[in-house]
file model-v9.csv (CSV, N, CA, C and O atoms)
chain,number,residue,atom,x,y,z
A,1067,ALA,N,6.8,-14.8,-8.7
A,1067,ALA,CA,5.5,-14.6,-9.3
A,1067,ALA,C,4.5,-13.9,-8.4
A,1067,ALA,O,3.7,-13.2,-8.8
A,1068,SER,N,4.7,-14.2,-7.1
A,1068,SER,CA,3.8,-13.5,-6.1
A,1068,SER,C,4.0,-12.0,-6.1
A,1068,SER,O,3.1,-11.2,-6.0
A,1069,ILE,N,5.3,-11.6,-6.2
A,1069,ILE,CA,5.6,-10.2,-6.2
A,1069,ILE,C,5.0,-9.5,-7.4
A,1069,ILE,O,4.5,-8.4,-7.3
A,1070,LEU,N,5.1,-10.1,-8.6
A,1070,LEU,CA,4.5,-9.6,-9.8
A,1070,LEU,C,3.0,-9.5,-9.7
A,1070,LEU,O,2.4,-8.5,-10.2
A,1071,ALA,N,2.4,-10.4,-9.1
A,1071,ALA,CA,0.9,-10.4,-8.9
A,1071,ALA,C,0.5,-9.2,-8.0
A,1071,ALA,O,-0.4,-8.5,-8.3
A,1072,VAL,N,1.2,-9.0,-6.9
A,1072,VAL,CA,0.9,-7.9,-6.0
A,1072,VAL,C,1.2,-6.6,-6.7
A,1072,VAL,O,0.4,-5.7,-6.6
A,1073,GLN,N,2.2,-6.5,-7.5
A,1073,GLN,CA,2.5,-5.3,-8.2
A,1073,GLN,C,1.4,-5.0,-9.2
A,1073,GLN,O,1.0,-3.8,-9.4
A,1074,ALA,N,0.9,-6.0,-9.9
A,1074,ALA,CA,-0.2,-5.8,-10.8
A,1074,ALA,C,-1.5,-5.3,-10.1
A,1074,ALA,O,-2.2,-4.4,-10.6
A,1075,ILE,N,-1.8,-5.9,-8.9
A,1075,ILE,CA,-2.9,-5.6,-8.2
A,1075,ILE,C,-2.8,-4.1,-7.7
A,1075,ILE,O,-3.8,-3.3,-7.8
A,1076,LEU,N,-1.7,-3.7,-7.1
A,1076,LEU,CA,-1.5,-2.4,-6.6
A,1076,LEU,C,-1.5,-1.4,-7.8
A,1076,LEU,O,-2.0,-0.2,-7.6
A,1077,THR,N,-1.0,-1.7,-8.9
A,1077,THR,CA,-1.0,-0.8,-10.1
A,1077,THR,C,-2.4,-0.6,-10.6
A,1077,THR,O,-2.8,0.5,-10.9
A,1078,PHE,N,-3.2,-1.7,-10.6
A,1078,PHE,CA,-4.7,-1.6,-10.9
A,1078,PHE,C,-5.4,-0.6,-10.0
A,1078,PHE,O,-6.1,0.2,-10.4
A,1079,ILE,N,-5.2,-0.8,-8.7
A,1079,ILE,CA,-5.8,0.0,-7.7
A,1079,ILE,C,-5.4,1.5,-7.9
A,1079,ILE,O,-6.2,2.4,-7.8
A,1080,ALA,N,-4.1,1.7,-8.1
A,1080,ALA,CA,-3.7,3.1,-8.3
A,1080,ALA,C,-4.3,3.7,-9.6
A,1080,ALA,O,-4.7,4.9,-9.5
A,1081,GLY,N,-4.4,2.9,-10.6
A,1081,GLY,CA,-5.0,3.4,-11.8
A,1081,GLY,C,-6.5,3.7,-11.7
A,1081,GLY,O,-7.0,4.7,-12.2
A,1082,TRP,N,-7.1,2.8,-10.9
A,1082,TRP,CA,-8.5,3.0,-10.7
A,1082,TRP,C,-8.8,4.3,-9.9
A,1082,TRP,O,-9.8,5.0,-10.1
A,1083,ASN,N,-7.9,4.6,-8.9
A,1083,ASN,CA,-8.1,5.7,-8.0
A,1083,ASN,C,-7.5,7.0,-8.6
A,1083,ASN,O,-7.6,8.0,-7.9
A,1084,SER,N,-6.9,7.0,-9.7
A,1084,SER,CA,-6.2,8.2,-10.2
A,1084,SER,C,-7.2,9.3,-10.5
A,1084,SER,O,-8.3,9.1,-11.0
A,1085,PHE,N,-6.8,10.5,-10.1
A,1085,PHE,CA,-7.7,11.6,-10.2
A,1085,PHE,C,-7.0,12.8,-11.0
A,1085,PHE,O,-7.6,13.2,-12.0
A,1086,LEU,N,-5.9,13.2,-10.6
A,1086,LEU,CA,-5.3,14.4,-11.1
A,1086,LEU,C,-4.9,14.3,-12.6
A,1086,LEU,O,-5.1,15.1,-13.4
A,1087,TRP,N,-4.2,13.2,-12.9
A,1087,TRP,CA,-3.7,13.0,-14.2
A,1087,TRP,C,-4.8,12.9,-15.3
A,1087,TRP,O,-4.8,13.6,-16.3
A,1088,PRO,N,-5.9,12.1,-15.0
A,1088,PRO,CA,-7.0,12.1,-16.0
A,1088,PRO,C,-7.7,13.4,-16.1
A,1088,PRO,O,-8.2,13.8,-17.1
A,1089,LEU,N,-7.8,14.2,-15.0
A,1089,LEU,CA,-8.4,15.5,-15.0
A,1089,LEU,C,-7.6,16.4,-15.9
A,1089,LEU,O,-8.2,17.2,-16.6
A,1090,ILE,N,-6.3,16.4,-15.8
A,1090,ILE,CA,-5.5,17.3,-16.6
A,1090,ILE,C,-5.5,16.9,-18.1
A,1090,ILE,O,-5.6,17.7,-19.0
A,1091,ILE,N,-5.3,15.6,-18.4
A,1091,ILE,CA,-5.1,15.1,-19.7
A,1091,ILE,C,-6.3,14.9,-20.5
A,1091,ILE,O,-6.4,15.3,-21.7
A,1092,ALA,N,-7.4,14.4,-20.0
A,1092,ALA,CA,-8.6,14.1,-20.7
A,1092,ALA,C,-9.3,15.3,-21.2
A,1092,ALA,O,-9.5,16.3,-20.4
A,1093,ASN,N,-9.6,15.4,-22.5
A,1093,ASN,CA,-10.3,16.5,-23.0
A,1093,ASN,C,-11.8,16.3,-23.3
A,1093,ASN,O,-12.5,17.1,-23.8
A,1094,ASP,N,-12.2,15.1,-23.0
A,1094,ASP,CA,-13.6,14.7,-23.2
A,1094,ASP,C,-14.1,14.0,-21.9
A,1094,ASP,O,-13.4,13.2,-21.3
A,1095,GLU,N,-15.3,14.4,-21.5
A,1095,GLU,CA,-15.9,13.8,-20.3
A,1095,GLU,C,-16.0,12.3,-20.3
A,1095,GLU,O,-16.0,11.6,-19.3
A,1096,SER,N,-16.1,11.7,-21.5
A,1096,SER,CA,-16.3,10.3,-21.6
A,1096,SER,C,-15.0,9.6,-21.3
A,1096,SER,O,-15.0,8.3,-21.1
A,1097,LEU,N,-13.8,10.3,-21.2
A,1097,LEU,CA,-12.6,9.7,-21.0
A,1097,LEU,C,-12.1,9.8,-19.5
A,1097,LEU,O,-11.1,9.3,-19.1
A,1098,TYR,N,-12.9,10.5,-18.7
A,1098,TYR,CA,-12.6,10.6,-17.3
A,1098,TYR,C,-12.7,9.3,-16.5
A,1098,TYR,O,-13.5,8.5,-16.9
A,1099,THR,N,-11.9,9.2,-15.5
A,1099,THR,CA,-12.0,8.0,-14.6
A,1099,THR,C,-13.2,8.2,-13.6
A,1099,THR,O,-13.8,9.3,-13.6
A,1100,LEU,N,-13.5,7.2,-12.9
A,1100,LEU,CA,-14.6,7.3,-12.0
A,1100,LEU,C,-14.4,8.3,-10.9
A,1100,LEU,O,-15.4,8.9,-10.4
A,1101,SER,N,-13.2,8.4,-10.4
A,1101,SER,CA,-12.9,9.4,-9.3
A,1101,SER,C,-13.2,10.8,-9.8
A,1101,SER,O,-13.7,11.7,-9.1
A,1102,VAL,N,-12.8,11.1,-11.1
A,1102,VAL,CA,-13.1,12.5,-11.6
A,1102,VAL,C,-14.6,12.6,-11.8
A,1102,VAL,O,-15.2,13.7,-11.5
A,1103,GLY,N,-15.2,11.6,-12.3
A,1103,GLY,CA,-16.7,11.7,-12.5
A,1103,GLY,C,-17.4,11.9,-11.2
A,1103,GLY,O,-18.4,12.6,-11.1
A,1104,LEU,N,-16.9,11.2,-10.1
A,1104,LEU,CA,-17.5,11.4,-8.8
A,1104,LEU,C,-17.4,12.8,-8.3
A,1104,LEU,O,-18.3,13.4,-7.7
A,1105,ALA,N,-16.2,13.5,-8.6
A,1105,ALA,CA,-16.0,14.9,-8.2
A,1105,ALA,C,-17.0,15.8,-9.0
A,1105,ALA,O,-17.5,16.7,-8.5
A,1106,LEU,N,-17.1,15.5,-10.3
A,1106,LEU,CA,-18.1,16.3,-11.1
A,1106,LEU,C,-19.5,16.1,-10.7
A,1106,LEU,O,-20.3,17.0,-10.7
A,1107,LEU,N,-19.8,14.8,-10.2
A,1107,LEU,CA,-21.1,14.6,-9.7
A,1107,LEU,C,-21.4,15.4,-8.4
A,1107,LEU,O,-22.5,15.9,-8.3
A,1108,LYS,N,-20.4,15.5,-7.6
A,1108,LYS,CA,-20.6,16.3,-6.4
A,1108,LYS,C,-20.8,17.8,-6.8
A,1108,LYS,O,-21.6,18.5,-6.1
A,1109,GLY,N,-20.1,18.3,-7.8
A,1109,GLY,CA,-20.3,19.6,-8.2
A,1109,GLY,C,-21.7,19.9,-8.8
A,1109,GLY,O,-22.3,20.9,-8.6
A,1110,GLN,N,-22.2,18.9,-9.6
A,1110,GLN,CA,-23.5,19.1,-10.2
A,1110,GLN,C,-24.7,18.9,-9.3
A,1110,GLN,O,-25.7,19.5,-9.4
A,1111,TYR,N,-24.6,17.9,-8.4
A,1111,TYR,CA,-25.6,17.5,-7.5
A,1111,TYR,C,-25.2,17.6,-6.1
A,1111,TYR,O,-25.2,16.6,-5.3
A,1112,GLY,N,-24.8,18.8,-5.7
A,1112,GLY,CA,-24.2,19.0,-4.3
A,1112,GLY,C,-25.1,18.6,-3.2
A,1112,GLY,O,-24.7,18.2,-2.2
A,1113,GLY,N,-26.4,18.8,-3.4
A,1113,GLY,CA,-27.3,18.5,-2.3
A,1113,GLY,C,-27.9,17.1,-2.3
A,1113,GLY,O,-28.5,16.7,-1.3
A,1114,ASP,N,-27.7,16.4,-3.3
A,1114,ASP,CA,-28.3,15.0,-3.5
A,1114,ASP,C,-27.3,14.0,-2.9
A,1114,ASP,O,-26.5,13.4,-3.7
A,1115,TYR,N,-27.3,13.8,-1.6
A,1115,TYR,CA,-26.3,12.9,-1.0
A,1115,TYR,C,-26.5,11.5,-1.3
A,1115,TYR,O,-25.6,10.7,-1.4
A,1116,ALA,N,-27.8,11.1,-1.6
A,1116,ALA,CA,-28.0,9.7,-2.0
A,1116,ALA,C,-27.3,9.3,-3.3
A,1116,ALA,O,-26.7,8.3,-3.4
A,1117,LEU,N,-27.4,10.3,-4.2
A,1117,LEU,CA,-26.8,10.0,-5.5
A,1117,LEU,C,-25.2,10.0,-5.4
A,1117,LEU,O,-24.6,9.2,-6.0
A,1118,GLN,N,-24.7,10.9,-4.5
A,1118,GLN,CA,-23.3,10.9,-4.3
A,1118,GLN,C,-22.8,9.6,-3.7
A,1118,GLN,O,-21.8,9.0,-4.0
A,1119,MET,N,-23.6,9.1,-2.7
A,1119,MET,CA,-23.2,7.9,-2.0
A,1119,MET,C,-23.3,6.7,-3.0
A,1119,MET,O,-22.5,5.7,-2.9
A,1120,ALA,N,-24.3,6.7,-3.8
A,1120,ALA,CA,-24.4,5.6,-4.8
A,1120,ALA,C,-23.2,5.6,-5.8
A,1120,ALA,O,-22.7,4.5,-6.1
A,1121,GLY,N,-22.8,6.8,-6.2
A,1121,GLY,CA,-21.6,6.9,-7.0
A,1121,GLY,C,-20.4,6.4,-6.3
A,1121,GLY,O,-19.5,5.7,-6.9
A,1122,ALA,N,-20.2,6.8,-5.0
A,1122,ALA,CA,-19.1,6.3,-4.2
A,1122,ALA,C,-19.1,4.8,-4.1
A,1122,ALA,O,-18.1,4.1,-4.1
A,1123,ALA,N,-20.3,4.2,-3.9
A,1123,ALA,CA,-20.4,2.8,-3.7
A,1123,ALA,C,-20.0,2.1,-5.0
A,1123,ALA,O,-19.3,1.0,-5.0
A,1124,ILE,N,-20.4,2.6,-6.1
A,1124,ILE,CA,-20.1,2.0,-7.4
A,1124,ILE,C,-18.5,2.1,-7.6
A,1124,ILE,O,-17.9,1.2,-8.2
A,1125,MET,N,-17.9,3.1,-7.1
A,1125,MET,CA,-16.5,3.2,-7.3
A,1125,MET,C,-15.7,2.3,-6.3
A,1125,MET,O,-14.6,1.8,-6.7
A,1126,VAL,N,-16.2,2.1,-5.1
A,1126,VAL,CA,-15.5,1.3,-4.1
A,1126,VAL,C,-15.7,-0.2,-4.2
A,1126,VAL,O,-14.8,-1.0,-3.9
A,1127,VAL,N,-16.8,-0.6,-4.7
A,1127,VAL,CA,-17.2,-2.1,-4.7
A,1127,VAL,C,-16.1,-2.9,-5.5
A,1127,VAL,O,-15.7,-3.9,-5.1
A,1128,PRO,N,-15.7,-2.5,-6.7
A,1128,PRO,CA,-14.7,-3.3,-7.4
A,1128,PRO,C,-13.4,-3.4,-6.7
A,1128,PRO,O,-12.8,-4.4,-6.8
A,1129,ILE,N,-13.0,-2.3,-6.0
A,1129,ILE,CA,-11.7,-2.3,-5.3
A,1129,ILE,C,-11.8,-3.3,-4.1
A,1129,ILE,O,-10.9,-4.1,-3.8
A,1130,ILE,N,-12.9,-3.3,-3.4
A,1130,ILE,CA,-13.1,-4.2,-2.3
A,1130,ILE,C,-13.1,-5.7,-2.9
A,1130,ILE,O,-12.5,-6.6,-2.3
A,1131,ALA,N,-13.8,-5.9,-4.0
A,1131,ALA,CA,-13.8,-7.2,-4.6
A,1131,ALA,C,-12.4,-7.7,-5.0
A,1131,ALA,O,-12.0,-8.8,-4.7
A,1132,VAL,N,-11.6,-6.8,-5.6
A,1132,VAL,CA,-10.2,-7.1,-5.9
A,1132,VAL,C,-9.4,-7.5,-4.7
A,1132,VAL,O,-8.7,-8.5,-4.7
A,1133,PHE,N,-9.6,-6.7,-3.6
A,1133,PHE,CA,-8.9,-6.9,-2.4
A,1133,PHE,C,-9.3,-8.3,-1.8
A,1133,PHE,O,-8.4,-9.0,-1.4
A,1134,VAL,N,-10.6,-8.5,-1.7
A,1134,VAL,CA,-11.0,-9.8,-1.1
A,1134,VAL,C,-10.5,-11.0,-1.9
A,1134,VAL,O,-10.1,-12.0,-1.3
A,1135,PHE,N,-10.5,-10.9,-3.2
A,1135,PHE,CA,-10.1,-12.0,-4.1
A,1135,PHE,C,-8.6,-12.2,-4.0
A,1135,PHE,O,-8.2,-13.4,-4.0
A,1136,PHE,N,-7.8,-11.2,-3.9
A,1136,PHE,CA,-6.4,-11.3,-3.9
A,1136,PHE,C,-5.7,-11.0,-2.6
A,1136,PHE,O,-4.5,-10.8,-2.6
A,1137,GLN,N,-6.5,-10.9,-1.5
A,1137,GLN,CA,-5.8,-10.6,-0.2
A,1137,GLN,C,-4.8,-11.5,0.2
A,1137,GLN,O,-3.8,-11.1,0.9
A,1138,ARG,N,-4.9,-12.8,-0.1
A,1138,ARG,CA,-3.8,-13.8,0.3
A,1138,ARG,C,-2.5,-13.4,-0.4
A,1138,ARG,O,-1.5,-13.4,0.3
A,1139,HIS,N,-2.5,-13.0,-1.6
A,1139,HIS,CA,-1.3,-12.6,-2.3
A,1139,HIS,C,-0.7,-11.3,-1.7
A,1139,HIS,O,0.5,-11.2,-1.5
A,1140,ILE,N,-1.5,-10.4,-1.4
A,1140,ILE,CA,-1.1,-9.1,-0.8
A,1140,ILE,C,-0.5,-9.3,0.5
A,1140,ILE,O,0.6,-8.9,0.8
A,1141,ILE,N,-1.2,-10.1,1.4
A,1141,ILE,CA,-0.7,-10.3,2.8
A,1141,ILE,C,0.6,-11.1,2.7
A,1141,ILE,O,1.6,-10.8,3.5
A,1142,ASP,N,0.7,-12.1,1.9
A,1142,ASP,CA,1.9,-13.0,1.8
A,1142,ASP,C,3.1,-12.1,1.3
A,1142,ASP,O,4.2,-12.3,1.9
A,1143,ASN,N,2.9,-11.3,0.4
A,1143,ASN,CA,4.0,-10.5,-0.1
A,1143,ASN,C,4.5,-9.5,0.9
A,1143,ASN,O,5.7,-9.3,1.1
A,1144,TYR,N,3.6,-8.9,1.7
A,1144,TYR,CA,4.0,-8.0,2.7
A,1144,TYR,C,4.7,-8.7,3.8
A,1144,TYR,O,5.7,-8.2,4.4
A,1145,SER,N,4.3,-9.9,4.1
A,1145,SER,CA,5.0,-10.6,5.2
A,1145,SER,C,6.4,-11.1,4.7
A,1145,SER,O,7.3,-11.2,5.5
A,1146,ILE,N,6.5,-11.4,3.4
A,1146,ILE,CA,7.8,-11.8,2.9
A,1146,ILE,C,8.8,-10.7,2.9
A,1146,ILE,O,9.9,-10.8,3.2
A,1147,SER,N,8.3,-9.5,2.5
A,1147,SER,CA,9.2,-8.3,2.4
A,1147,SER,C,9.6,-7.7,3.8
A,1147,SER,O,10.4,-6.9,3.8
A,1148,GLY,N,8.9,-8.1,4.8
A,1148,GLY,CA,9.3,-7.6,6.2
A,1148,GLY,C,8.4,-6.5,6.6
A,1148,GLY,O,8.7,-6.0,7.8
A,1149,ILE,N,7.5,-6.0,5.8
A,1149,ILE,CA,6.7,-4.9,6.3
A,1149,ILE,C,5.5,-5.5,7.1
A,1149,ILE,O,4.8,-6.3,6.6
A,1150,LYS,N,5.4,-4.9,8.3
A,1150,LYS,CA,4.3,-5.5,9.1
A,1150,LYS,C,3.4,-4.4,9.6
A,1150,LYS,O,3.7,-3.3,9.7

call {"tool": "encode", "arguments": {"input": "model-v9.csv", "output": "C-alpha cells"}}
result
Amino acid sequence: ASILAVQAILTFIAGWNSFLWPLIIANDESLYTLSVGLALLKGQYGGDYALQMAGAAIMVVPIIAVFVFFQRHIIDNYSISGIK
C-alpha cells in the first residue's frame, strides 16, 4: 500500500509539473497547466518580476504542501527500495 501511495504522489507531481504535452495538445488557453501559464505569463509580462514570482509561488506551494504532508511515505518507500 505504501508503494502505491508513493506512486500516486509522484504521478500527481509529474502531472502538476507537465509542460510540453499540455502545450502541444491543448487548443484553448483555459486548458493549459500552470507551468504553461507561467511560461505565457513570462512572455506577456517579461519585466514584471513581482508578478512572475507570485505565479511561481502559486505553482510551488501545493507541491510543497503535498511533500510535507506525505514525506513520511516517500522517505519510507525510498528506504525500503534501497535508494539512498

call {"tool": "residues_around", "arguments": {"input": "model-v9.csv", "residues": "Ala1080 of chain A", "least_positions_apart": "5", "cutoff": "12 Å", "atoms": "only C-alpha atoms", "output": "compact mmCIF listing (two decimals) with N, CA, C and O atoms, in the frame of the given file"}}
result
# COMPACT_ATOMS: atom_id res chain seq x y z
N GLN A 1073 2.20 -6.50 -7.50
CA GLN A 1073 2.50 -5.30 -8.20
C GLN A 1073 1.40 -5.00 -9.20
O GLN A 1073 1.00 -3.80 -9.40
N ALA A 1074 0.90 -6.00 -9.90
CA ALA A 1074 -0.20 -5.80 -10.80
C ALA A 1074 -1.50 -5.30 -10.10
O ALA A 1074 -2.20 -4.40 -10.60
N ILE A 1075 -1.80 -5.90 -8.90
CA ILE A 1075 -2.90 -5.60 -8.20
C ILE A 1075 -2.80 -4.10 -7.70
O ILE A 1075 -3.80 -3.30 -7.80
N PHE A 1085 -6.80 10.50 -10.10
CA PHE A 1085 -7.70 11.60 -10.20
C PHE A 1085 -7.00 12.80 -11.00
O PHE A 1085 -7.60 13.20 -12.00
N LEU A 1086 -5.90 13.20 -10.60
CA LEU A 1086 -5.30 14.40 -11.10
C LEU A 1086 -4.90 14.30 -12.60
O LEU A 1086 -5.10 15.10 -13.40
N TRP A 1087 -4.20 13.20 -12.90
CA TRP A 1087 -3.70 13.00 -14.20
C TRP A 1087 -4.80 12.90 -15.30
O TRP A 1087 -4.80 13.60 -16.30
N THR A 1099 -11.90 9.20 -15.50
CA THR A 1099 -12.00 8.00 -14.60
C THR A 1099 -13.20 8.20 -13.60
O THR A 1099 -13.80 9.30 -13.60
N SER A 1101 -13.20 8.40 -10.40
CA SER A 1101 -12.90 9.40 -9.30
C SER A 1101 -13.20 10.80 -9.80
O SER A 1101 -13.70 11.70 -9.10
N ILE A 1129 -13.00 -2.30 -6.00
CA ILE A 1129 -11.70 -2.30 -5.30
C ILE A 1129 -11.80 -3.30 -4.10
O ILE A 1129 -10.90 -4.10 -3.80

call {"tool": "select_by_dssp", "arguments": {"input": "model-v9.csv", "residues": "chain A", "states": "alpha helix (DSSP H)", "output": "ChimeraX atom specification"}}
result
/A:1068-1083,1086-1091,1100-1110,1115-1147

call {"tool": "residues_around", "arguments": {"input": "model-v9.csv", "residues": "Asn1083 of chain A", "least_positions_apart": "6", "cutoff": "8 Å", "atoms": "all atoms listed in the file", "output": "mmCIF file with N, CA, C and O atoms, in the coordinates of the input"}}
result
data_model
loop_
_atom_site.group_PDB
_atom_site.id
_atom_site.type_symbol
_atom_site.label_atom_id
_atom_site.label_comp_id
_atom_site.auth_asym_id
_atom_site.auth_seq_id
_atom_site.Cartn_x
_atom_site.Cartn_y
_atom_site.Cartn_z
ATOM 1 N N LEU A 1076 -1.700 -3.700 -7.100
ATOM 2 C CA LEU A 1076 -1.500 -2.400 -6.600
ATOM 3 C C LEU A 1076 -1.500 -1.400 -7.800
ATOM 4 O O LEU A 1076 -2.000 -0.200 -7.600
ATOM 5 N N THR A 1077 -1.000 -1.700 -8.900
ATOM 6 C CA THR A 1077 -1.000 -0.800 -10.100
ATOM 7 C C THR A 1077 -2.400 -0.600 -10.600
ATOM 8 O O THR A 1077 -2.800 0.500 -10.900
ATOM 9 N N THR A 1099 -11.900 9.200 -15.500
ATOM 10 C CA THR A 1099 -12.000 8.000 -14.600
ATOM 11 C C THR A 1099 -13.200 8.200 -13.600
ATOM 12 O O THR A 1099 -13.800 9.300 -13.600
ATOM 13 N N LEU A 1100 -13.500 7.200 -12.900
ATOM 14 C CA LEU A 1100 -14.600 7.300 -12.000
ATOM 15 C C LEU A 1100 -14.400 8.300 -10.900
ATOM 16 O O LEU A 1100 -15.400 8.900 -10.400
ATOM 17 N N SER A 1101 -13.200 8.400 -10.400
ATOM 18 C CA SER A 1101 -12.900 9.400 -9.300
ATOM 19 C C SER A 1101 -13.200 10.800 -9.800
ATOM 20 O O SER A 1101 -13.700 11.700 -9.100
ATOM 21 N N VAL A 1102 -12.800 11.100 -11.100
ATOM 22 C CA VAL A 1102 -13.100 12.500 -11.600
ATOM 23 C C VAL A 1102 -14.600 12.600 -11.800
ATOM 24 O O VAL A 1102 -15.200 13.700 -11.500
ATOM 25 N N MET A 1125 -17.900 3.100 -7.100
ATOM 26 C CA MET A 1125 -16.500 3.200 -7.300
ATOM 27 C C MET A 1125 -15.700 2.300 -6.300
ATOM 28 O O MET A 1125 -14.600 1.800 -6.700
#

call {"tool": "closest_residue", "arguments": {"input": "model-v9.csv", "among": "A:Ile1091, A:Ala1071, A:Ile1079, A:Leu1117", "to": "Phe1133 of chain A", "atoms": "only C-alpha atoms"}}
result
A:Ile1079

call {"tool": "residues_around", "arguments": {"input": "model-v9.csv", "residues": "segment 1119-1124 of chain A", "least_positions_apart": "3", "cutoff": "8 Å", "atoms": "all atoms listed in the file", "output": "ChimeraX atom specification"}}
result
/A:1100-1101,1103-1104,1114-1116,1127-1130

call {"tool": "atom_distance", "arguments": {"input": "model-v9.csv", "atom1": "atom CA of Gly1112 of chain A", "atom2": "atom O of Phe1078 of chain A"}}
result
26.8 Å

call {"tool": "atom_distance", "arguments": {"input": "model-v9.csv", "atom1": "atom CA of Gly1113 of chain A", "atom2": "atom CA of Ser1096 of chain A"}}
result
23.7 Å

call {"tool": "atom_distance", "arguments": {"input": "model-v9.csv", "atom1": "atom N of Pro1088 of chain A", "atom2": "atom C of Gln1137 of chain A"}}
result
28.1 Å

call {"tool": "decode", "arguments": {"input": "model-v9.csv", "residues": "segment 1098-1115 of chain A", "atoms": "N, CA and C atoms", "output": "short mmCIF file (atom, residue, chain, number, x, y, z; two decimals), in the first residue's frame"}}
result
data_model
loop_
_atom_site.label_atom_id
_atom_site.label_comp_id
_atom_site.auth_asym_id
_atom_site.auth_seq_id
_atom_site.Cartn_x
_atom_site.Cartn_y
_atom_site.Cartn_z
N TYR A 1098 -4.68 24.92 -20.35
CA TYR A 1098 -3.25 24.83 -20.06
C TYR A 1098 -3.01 24.53 -18.59
N THR A 1099 -1.90 23.85 -18.31
CA THR A 1099 -1.50 23.64 -16.93
C THR A 1099 -0.84 24.91 -16.40
N LEU A 1100 -0.58 24.93 -15.10
CA LEU A 1100 0.02 26.13 -14.50
C LEU A 1100 1.42 26.40 -15.02
N SER A 1101 2.18 25.35 -15.33
CA SER A 1101 3.53 25.59 -15.84
C SER A 1101 3.50 26.25 -17.21
N VAL A 1102 2.55 25.88 -18.05
CA VAL A 1102 2.40 26.54 -19.36
C VAL A 1102 1.91 27.97 -19.15
N GLY A 1103 0.98 28.16 -18.25
CA GLY A 1103 0.51 29.51 -17.95
C GLY A 1103 1.61 30.40 -17.40
N LEU A 1104 2.49 29.83 -16.60
CA LEU A 1104 3.61 30.60 -16.07
C LEU A 1104 4.56 31.02 -17.18
N ALA A 1105 4.80 30.15 -18.15
CA ALA A 1105 5.64 30.50 -19.29
C ALA A 1105 4.98 31.59 -20.13
N LEU A 1106 3.67 31.50 -20.32
CA LEU A 1106 2.96 32.54 -21.06
C LEU A 1106 2.98 33.86 -20.30
N LEU A 1107 2.90 33.78 -18.98
CA LEU A 1107 2.97 34.97 -18.14
C LEU A 1107 4.32 35.66 -18.29
N LYS A 1108 5.37 34.86 -18.37
CA LYS A 1108 6.70 35.42 -18.58
C LYS A 1108 6.80 36.11 -19.93
N GLY A 1109 6.15 35.55 -20.94
CA GLY A 1109 6.17 36.17 -22.26
C GLY A 1109 5.40 37.47 -22.32
N GLN A 1110 4.27 37.53 -21.62
CA GLN A 1110 3.43 38.73 -21.66
C GLN A 1110 3.93 39.83 -20.74
N TYR A 1111 4.44 39.45 -19.58
CA TYR A 1111 4.87 40.43 -18.59
C TYR A 1111 6.34 40.18 -18.25
N GLY A 1112 7.20 40.29 -19.25
CA GLY A 1112 8.62 39.96 -19.10
C GLY A 1112 9.34 40.82 -18.07
N GLY A 1113 8.95 42.06 -17.91
CA GLY A 1113 9.65 42.94 -16.98
C GLY A 1113 9.04 42.99 -15.60
N ASP A 1114 7.88 42.43 -15.42
CA ASP A 1114 7.20 42.46 -14.12
C ASP A 1114 7.59 41.23 -13.31
N TYR A 1115 8.71 41.34 -12.60
CA TYR A 1115 9.24 40.19 -11.87
C TYR A 1115 8.40 39.82 -10.66
#
